[in-house]
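Right, one structure below, let's go through it.
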Amino acid sequence: MQGNLITQESVAVADAPRGACAGRADELWARVALPPASPEPPAEPVAAPGLRRALSMVDEGVFTSRANRACGSYVARAVPSAGAVYPYEFAVLAVEDGVPTAYRLDADRRICARLAAGERVAAALAASALAVPDDGGALVVTLTRPWLSMRKYGDRGYLYTQLDAGHAAANLVLAAAGRGARGTLRLRFPREPLSELLEAGENHREIHSAVLVPAAADTAGAADGPWTRWTVHDSTDRDLRGPTWRSWLESACWDSLAVWPEHPGSPAPRTAPAPLAHIRTDRQTSPGEGGLGERSGWPELIGTRVSSKAFTGEPVSADAVWRAVSALSTPLETDLPGISPLSATLVLRSTTEPGRDAVYRLDTGERQPGRLPSTDEVARACMQQRALAGAGAVLLLHVPRTSLAGAGSAAGAESLRELAFRCGALGQLLYLGANRAEVGVTAIGGFDSPLWRTLAGLPEDDEILYALLLGRPDDSGVKFDRLATAHAQNER
């Protein structure tokens with residue numbers, strides 16, 4: 001069957017010899033049986049100040065949302081995810097009783113597993129050109145688990161994994177900034193030492209990024225902070241953990257992934273707050289109206305972010321769209337180069353001021369002539385997701401095909417992880433900007449790229465990595481891509 005990585009020859013049990021039937025029955029039962037439950041070590045309170053701070057940041061920046069909406073069978077989070085899969089998890093490196101310590105987080109059960117402490121942790125940090133911030137800070141590591149997305153979306157799920165992780169990692173930096181801390185995100189460092197320390201590769205996880213969270217004036221480690229819902233379990237002795245179930249399907253998926261060359265990193269990387277893409281909105285917004293506003297208001301924007309289920313089709317305010325888009329210029333502190341091949345194009349197709357409807361190249365602010373897409377064309381370009389057809393505006397993030405790092409790439413070319421991070425981070429900024437501007441927004445990774453290229457007049461050699469739609473939200477709509485079928489990829 002097309003798309004399967006592993007196929008097995010099947011023989012009807014009724015046609016097999018009696019002894020073979022019994023043997024196959026035993027084999028089948030051995031395959032479906034589960035290993036014994038692992039013993040759970042005693043729970044300890046969260047004592048390390050850096051761990052407390054990290055847990056509060058992760059809880060606020062990723063795991064929880066205060067949005068006033070019906071969540072149905074899922075828990076609302078501060079960041080979106082394709083199909084509500086959330087194919088990533090986190091680890092924290094902090095100082096506990098004067099000793100550098102590594103923890104792996106179980107978000108569902110709010111458990112921190114202490115994996116290692118002492119010299120092993122210190123050596124891994126040094127080899128990765130990373131360090132735990134002094135004075136009660138922490139290092140929050142994002143680990144992706146591609147299988148969670150790929151089992152639903154196939155190979156394209158790997159792109160969704162990177163986009164989703166970009167949303168989460170960027171929101172950690174924003175959450176820290178909203179609490180008065182200068183968070184720094186690192187993407188360019190040797191990953192193998194941390195991968196070994198955190199047992200990532202053997203469990204089919206990839207190290208995505210690391211966020212340095214220093215101590216903040218407005219501390220998130222207060223006595224009543226989110227960290228109080230967590231406990232610590234000691235798992236430093238692997239022999240006491242018991243067996244862990246792993247799917248052979250996930251192993252096959254993991255083995256199919258290509259490995260790109262890692263950036264060597266630098267012991268003293270140059271990091272500075274800068275926008276992740278060159279965006280011009282000054283011609284469309286008044287001074288002081290754009291962006292995300294004062295940082296003290298960011299926790300509220302993060303906590304009340306929401307994805308629109310559908311759009312009504314009514315014209316949207318052009319001013320509101322431009323205020324939302326202006327948030328893309330919010331600087332984030334990363335170790336990525338200041339110049340990127342990533343471009344953004346805004347298709348403003350149905351606003352309350354039709355004279356402003358047009359296609360805009362956001363790197364120059366230039367307005368392009370041409371016909372705007374119809375409602376039917378939007379639906380078709382969004383893989384017949386009819387609930388999204390009423391969007392008043394579409395933001396496309398795209399790069400020249402030759403800029404995707406691979407064999408023969410120029411030195412310093414950005415990897416798919418880095419480009420997808422920029423897209424995910426920009427997507428998160430747009431969500432927050434739309435929240436502030438009171439306009440609906442939703443992101444999609446499944447779309448007809450050639451059709452969008454034509455509708456937006458993009459160069460033929462450009463690849464669209466991400467699309468985000470804005471408009472008047474329709475809360476009565478259904479988010480079909482949360483269902484088991486991958487509607488965003490036209491699965492039927």
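Each chain in the structure tokens gets a letter, A, B, ..., in the order shown, and its residues are numbered from 1; ligands are numbered from 1 in order too.
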Practice problem: Would you please give, as a PyMOL selection string, all residues of range 111-145 of chain A that DSSP assigns to alpha helix (DSSP H) based on the backbone? | Solution: chain A and resi 119-127
Just the selected residues (all heavy atoms), exported as a compact mmCIF listing (two decimals), in the first residue's frame, please.
# COMPACT_ATOMS: atom_id res chain seq x y z
N GLU A 119 28.06 16.02 37.12
CA GLU A 119 29.06 16.18 36.07
C GLU A 119 28.51 15.84 34.69
O GLU A 119 28.88 16.48 33.70
CB GLU A 119 30.27 15.29 36.38
CG GLU A 119 31.40 15.39 35.36
CD GLU A 119 31.89 16.81 35.16
OE1 GLU A 119 31.91 17.58 36.14
OE2 GLU A 119 32.24 17.16 34.01
N ARG A 120 27.63 14.83 34.57
CA ARG A 120 27.06 14.48 33.26
C ARG A 120 26.32 15.67 32.66
O ARG A 120 26.42 15.95 31.46
CB ARG A 120 26.09 13.31 33.40
CG ARG A 120 26.73 11.93 33.42
CD ARG A 120 25.64 10.88 33.29
NE ARG A 120 24.97 10.97 32.00
CZ ARG A 120 23.69 10.65 31.80
NH1 ARG A 120 22.94 10.25 32.82
NH2 ARG A 120 23.17 10.74 30.60
N VAL A 121 25.57 16.36 33.48
CA VAL A 121 24.80 17.51 32.99
C VAL A 121 25.74 18.65 32.63
O VAL A 121 25.59 19.27 31.56
CB VAL A 121 23.78 17.96 34.05
CG1 VAL A 121 22.99 19.17 33.56
CG2 VAL A 121 22.83 16.82 34.40
N ALA A 122 26.71 18.91 33.48
CA ALA A 122 27.66 20.00 33.21
C ALA A 122 28.43 19.74 31.92
O ALA A 122 28.65 20.65 31.12
CB ALA A 122 28.62 20.15 34.39
N ALA A 123 28.84 18.49 31.69
CA ALA A 123 29.60 18.16 30.49
C ALA A 123 28.74 18.30 29.24
O ALA A 123 29.21 18.80 28.20
CB ALA A 123 30.13 16.73 30.61
N ALA A 124 27.47 17.87 29.31
CA ALA A 124 26.59 18.00 28.16
C ALA A 124 26.33 19.46 27.82
O ALA A 124 26.29 19.84 26.65
CB ALA A 124 25.27 17.28 28.43
N LEU A 125 26.16 20.29 28.83
CA LEU A 125 25.96 21.72 28.59
C LEU A 125 27.17 22.34 27.93
O LEU A 125 27.06 23.09 26.96
CB LEU A 125 25.66 22.43 29.91
CG LEU A 125 24.26 22.25 30.49
CD1 LEU A 125 24.19 22.75 31.92
CD2 LEU A 125 23.24 22.98 29.62
N ALA A 126 28.35 22.01 28.44
CA ALA A 126 29.58 22.57 27.87
C ALA A 126 29.76 22.13 26.42
O ALA A 126 30.12 22.93 25.55
CB ALA A 126 30.78 22.16 28.72
N ALA A 127 29.51 20.85 26.14
CA ALA A 127 29.67 20.34 24.77
C ALA A 127 28.64 20.92 23.82
O ALA A 127 28.86 20.95 22.61
CB ALA A 127 29.59 18.81 24.78
Exercise. Please identify all polymer residues within 8 Å of Gly242 in chain A, counting only C-alpha atoms, omitting same-chain residues fewer than 3 positions from it, and present them as a list in words.
Key: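 So the residues in contact are Ala37, Ser38, Pro39, Arg238 and Asp239 of chain A.
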Non-local contacts of Val46 in chain A (9 Å; only C-alpha atoms; under 3 positions in same chain excluded) as a CSV table (one decimal) with N, CA, C and O atoms, in the first residue's frame:
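Output (out19.csv):
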chain,number,residue,atom,x,y,z
A,49,PRO,N,14.6,26.7,42.5
A,49,PRO,CA,14.0,28.0,42.0
A,49,PRO,C,14.0,28.1,40.4
A,49,PRO,O,13.0,28.5,39.9
A,51,LEU,N,13.8,25.5,38.3
A,51,LEU,CA,12.8,24.6,37.8
A,51,LEU,C,11.4,25.2,38.0
A,51,LEU,O,10.6,25.1,37.2
A,52,ARG,N,11.2,25.9,39.2
A,52,ARG,CA,9.9,26.5,39.4
A,52,ARG,C,9.6,27.6,38.3
A,52,ARG,O,8.5,27.6,37.8
A,112,CYS,N,7.7,16.0,36.8
A,112,CYS,CA,9.1,16.2,36.3
A,112,CYS,C,9.9,15.0,36.7
A,112,CYS,O,10.0,14.7,37.9
A,227,TRP,N,3.7,26.3,39.0
A,227,TRP,CA,4.6,25.2,39.3
A,227,TRP,C,4.1,24.4,40.5
A,227,TRP,O,4.5,23.2,40.6
A,228,THR,N,3.2,25.0,41.3
A,228,THR,CA,2.7,24.2,42.4
A,228,THR,C,1.9,23.0,42.0
A,228,THR,O,1.6,22.1,42.9
A,230,TRP,N,2.9,20.8,39.9
A,230,TRP,CA,3.8,19.8,39.5
A,230,TRP,C,4.5,19.1,40.7
A,230,TRP,O,4.6,19.7,41.7
A,231,THR,N,5.0,17.9,40.4
A,231,THR,CA,5.8,17.2,41.4
A,231,THR,C,7.1,16.6,40.7
A,231,THR,O,7.1,16.6,39.4
A,232,VAL,N,8.1,16.3,41.4
A,232,VAL,CA,9.3,15.7,40.9
A,232,VAL,C,9.4,14.3,41.3
A,232,VAL,O,9.2,13.9,42.5
Quiz item: Hey, what's within 12 Å of Pro373 in chain A if we count only C-alpha atoms and toss same-chain stuff fewer than 5 positions away? As a list in words, please?
Solution: Val347, Leu348, Arg349, Ser350, Asp357, Ala358, Val359, Val378, Ala379, Arg380, Ala381, Ala389, Gly390, Ala391, Gly392, Ala393, Val394, Leu451, Trp452, Arg453, Thr454, Leu455, Ala456 and Gly457 of chain A
Just N, CA and C atoms for this one: save the residues we selected as a compact mmCIF listing (two decimals), in the first residue's frame.
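Everything below was put into again-v8.txt:
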# COMPACT_ATOMS: atom_id res chain seq x y z
N VAL A 347 -2.69 38.86 1.33
CA VAL A 347 -3.79 38.97 0.37
C VAL A 347 -4.99 39.53 1.12
N LEU A 348 -5.25 40.81 0.92
CA LEU A 348 -6.36 41.48 1.59
C LEU A 348 -7.53 41.51 0.59
N ARG A 349 -8.50 40.61 0.79
CA ARG A 349 -9.47 40.35 -0.27
C ARG A 349 -10.90 40.79 0.02
N SER A 350 -11.26 41.00 1.29
CA SER A 350 -12.64 41.36 1.60
C SER A 350 -12.69 42.17 2.88
N ASP A 357 -8.34 46.77 -0.56
CA ASP A 357 -8.19 45.35 -0.89
C ASP A 357 -7.15 45.20 -2.00
N ALA A 358 -6.15 44.36 -1.75
CA ALA A 358 -5.08 44.16 -2.74
C ALA A 358 -4.13 43.10 -2.20
N VAL A 359 -3.14 42.74 -3.01
CA VAL A 359 -2.05 41.87 -2.59
C VAL A 359 -0.87 42.76 -2.23
N VAL A 378 -10.66 30.50 -2.55
CA VAL A 378 -10.06 30.35 -1.21
C VAL A 378 -10.36 28.96 -0.67
N ALA A 379 -11.60 28.51 -0.82
CA ALA A 379 -11.96 27.17 -0.34
C ALA A 379 -11.11 26.11 -1.03
N ARG A 380 -10.98 26.21 -2.34
CA ARG A 380 -10.20 25.23 -3.08
C ARG A 380 -8.73 25.28 -2.67
N ALA A 381 -8.18 26.48 -2.50
CA ALA A 381 -6.76 26.62 -2.12
C ALA A 381 -6.52 26.11 -0.71
N ALA A 389 -13.47 29.53 3.92
CA ALA A 389 -13.60 30.28 2.67
C ALA A 389 -13.98 31.73 2.88
N GLY A 390 -14.59 32.06 4.03
CA GLY A 390 -15.01 33.43 4.28
C GLY A 390 -13.94 34.32 4.86
N ALA A 391 -12.68 33.88 4.87
CA ALA A 391 -11.59 34.71 5.40
C ALA A 391 -11.47 35.99 4.59
N GLY A 392 -11.26 37.10 5.28
CA GLY A 392 -11.11 38.38 4.59
C GLY A 392 -9.69 38.66 4.18
N ALA A 393 -8.73 37.93 4.77
CA ALA A 393 -7.32 38.16 4.44
C ALA A 393 -6.54 36.87 4.65
N VAL A 394 -5.47 36.72 3.89
CA VAL A 394 -4.60 35.54 3.99
C VAL A 394 -3.15 36.00 4.01
N LEU A 451 -1.76 26.73 -6.37
CA LEU A 451 -2.89 27.62 -6.56
C LEU A 451 -2.69 28.92 -5.79
N TRP A 452 -2.22 28.82 -4.55
CA TRP A 452 -1.97 30.05 -3.79
C TRP A 452 -0.89 30.89 -4.46
N ARG A 453 0.10 30.23 -5.04
CA ARG A 453 1.14 30.97 -5.76
C ARG A 453 0.53 31.79 -6.88
N THR A 454 -0.40 31.17 -7.60
CA THR A 454 -1.06 31.87 -8.71
C THR A 454 -1.96 32.99 -8.19
N LEU A 455 -2.75 32.71 -7.17
CA LEU A 455 -3.69 33.70 -6.66
C LEU A 455 -2.98 34.92 -6.08
N ALA A 456 -1.80 34.70 -5.48
CA ALA A 456 -1.06 35.81 -4.86
C ALA A 456 0.01 36.38 -5.77
N GLY A 457 0.18 35.80 -6.97
CA GLY A 457 1.18 36.31 -7.90
C GLY A 457 2.61 36.12 -7.42
Quiz item: Quick one: residues within 8 Å of range 192-205 of chain A, only C-alpha atoms counted, chain neighbours fewer than 5 positions away excluded, as a list in words?
Solution: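 Listed by chain and then number, they are Ala91, Ala102, Arg104, Leu115, Ala116, Arg120, Val121, Ala124, Leu125, Ala127, Ser128, Leu143, Thr144, Arg145, Pro146, Glu250, Ser251 and Trp254 of chain A.
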Practice problem: Write out as a count of residues only which residues come within 7 Å of range 83-85 of chain A when counting only C-alpha atoms, dropping same-chain ones fewer than 4 positions away. | Solution: 4
Do you know which residues are at most 9 Å from range 438-442 of chain A counting only C-alpha atoms, after dropping those on the same chain fewer than 4 positions away, and could you put them as a compact mmCIF listing (two decimals) with N, CA, C and O atoms, in the first residue's frame?
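Saved result, part-v9.txt, follows:
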# COMPACT_ATOMS: atom_id res chain seq x y z
N PRO A 80 -1.41 27.05 19.06
CA PRO A 80 -2.14 26.13 18.19
C PRO A 80 -1.28 24.94 17.80
O PRO A 80 -0.06 24.95 18.00
N VAL A 306 -6.87 32.44 20.76
CA VAL A 306 -7.81 31.43 20.31
C VAL A 306 -7.71 31.28 18.80
O VAL A 306 -7.42 32.25 18.08
N SER A 307 -7.92 30.07 18.30
CA SER A 307 -8.00 29.81 16.86
C SER A 307 -9.45 29.87 16.41
O SER A 307 -10.32 29.28 17.06
N SER A 308 -9.70 30.57 15.33
CA SER A 308 -11.06 30.65 14.79
C SER A 308 -11.44 29.31 14.16
O SER A 308 -10.65 28.72 13.42
N LYS A 309 -12.63 28.85 14.43
CA LYS A 309 -13.11 27.59 13.84
C LYS A 309 -13.55 27.79 12.40
O LYS A 309 -13.46 26.89 11.57
N ALA A 310 -14.10 28.98 12.13
CA ALA A 310 -14.61 29.29 10.80
C ALA A 310 -14.72 30.80 10.68
O ALA A 310 -14.50 31.53 11.66
N PHE A 311 -15.05 31.28 9.48
CA PHE A 311 -15.24 32.71 9.25
C PHE A 311 -16.62 32.94 8.67
O PHE A 311 -17.13 32.14 7.86
N VAL A 316 -14.06 42.27 6.76
CA VAL A 316 -13.34 42.54 8.00
C VAL A 316 -12.72 43.92 7.92
O VAL A 316 -12.46 44.44 6.82
N SER A 317 -12.47 44.53 9.04
CA SER A 317 -11.86 45.86 9.07
C SER A 317 -10.42 45.78 8.56
O SER A 317 -9.60 45.00 9.07
N ALA A 320 -8.00 46.68 11.32
CA ALA A 320 -7.79 45.60 12.28
C ALA A 320 -6.80 44.58 11.73
O ALA A 320 -5.92 44.09 12.45
N VAL A 321 -6.92 44.25 10.45
CA VAL A 321 -5.98 43.30 9.84
C VAL A 321 -4.57 43.86 9.88
O VAL A 321 -3.61 43.16 10.26
N ALA A 324 -3.10 43.69 13.31
CA ALA A 324 -2.68 42.31 13.61
C ALA A 324 -1.36 41.99 12.93
O ALA A 324 -0.43 41.44 13.54
N LEU A 388 -13.38 27.86 6.03
CA LEU A 388 -12.37 28.92 5.99
C LEU A 388 -12.53 29.85 4.80
O LEU A 388 -11.81 30.83 4.67
N ALA A 391 -12.68 33.88 4.87
CA ALA A 391 -11.59 34.71 5.40
C ALA A 391 -11.47 35.99 4.59
O ALA A 391 -11.54 35.98 3.36
N LEU A 430 1.29 36.63 14.97
CA LEU A 430 0.06 37.05 14.30
C LEU A 430 -1.16 36.68 15.15
O LEU A 430 -2.12 37.45 15.24
N TYR A 431 -1.15 35.50 15.76
CA TYR A 431 -2.24 35.13 16.65
C TYR A 431 -2.42 36.16 17.76
O TYR A 431 -3.55 36.58 18.07
N GLY A 433 -1.26 39.28 17.82
CA GLY A 433 -1.64 40.55 17.24
C GLY A 433 -3.12 40.58 16.88
O GLY A 433 -3.80 41.60 17.07
N ALA A 434 -3.63 39.47 16.35
CA ALA A 434 -5.05 39.39 16.01
C ALA A 434 -5.91 39.45 17.27
O ALA A 434 -6.99 40.05 17.27
N ALA A 467 0.43 29.22 5.88
CA ALA A 467 -0.65 30.15 5.52
C ALA A 467 -1.50 30.41 6.76
O ALA A 467 -1.81 29.48 7.52
N LEU A 468 -1.83 31.67 6.97
CA LEU A 468 -2.68 32.06 8.10
C LEU A 468 -3.81 32.93 7.56
O LEU A 468 -3.58 33.82 6.74
N LEU A 469 -5.03 32.66 8.01
CA LEU A 469 -6.21 33.35 7.52
C LEU A 469 -6.81 34.22 8.62
O LEU A 469 -6.84 33.81 9.79
N LEU A 470 -7.29 35.40 8.22
CA LEU A 470 -7.90 36.33 9.17
C LEU A 470 -9.29 36.72 8.67
O LEU A 470 -9.54 36.74 7.46
N GLY A 471 -10.18 37.02 9.60
CA GLY A 471 -11.52 37.43 9.22
C GLY A 471 -12.42 37.55 10.42
O GLY A 471 -11.96 37.53 11.57
N ARG A 472 -13.71 37.65 10.15
CA ARG A 472 -14.69 37.70 11.24
C ARG A 472 -14.97 36.26 11.69
O ARG A 472 -15.43 35.44 10.90
N PRO A 473 -14.69 35.96 12.97
CA PRO A 473 -14.81 34.56 13.42
C PRO A 473 -16.25 34.09 13.53
O PRO A 473 -17.15 34.86 13.87
N ASP A 474 -16.46 32.83 13.22
CA ASP A 474 -17.75 32.18 13.36
C ASP A 474 -17.59 31.04 14.37
O ASP A 474 -17.09 29.96 14.04
Quiz item: So, counting only C-alpha atoms, which residue among A:Leu185, A:Ile444, A:Leu139, A:Ile339 is closest to Ala277 in chain A?
Solution: A:Ile339
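The shortest atom-to-atom distance to Gly180 in chain A, with only C-alpha atoms taken into account, belongs to A:Met57 out of A:Met57, A:Ala484, A:Ala48, A:Met150.
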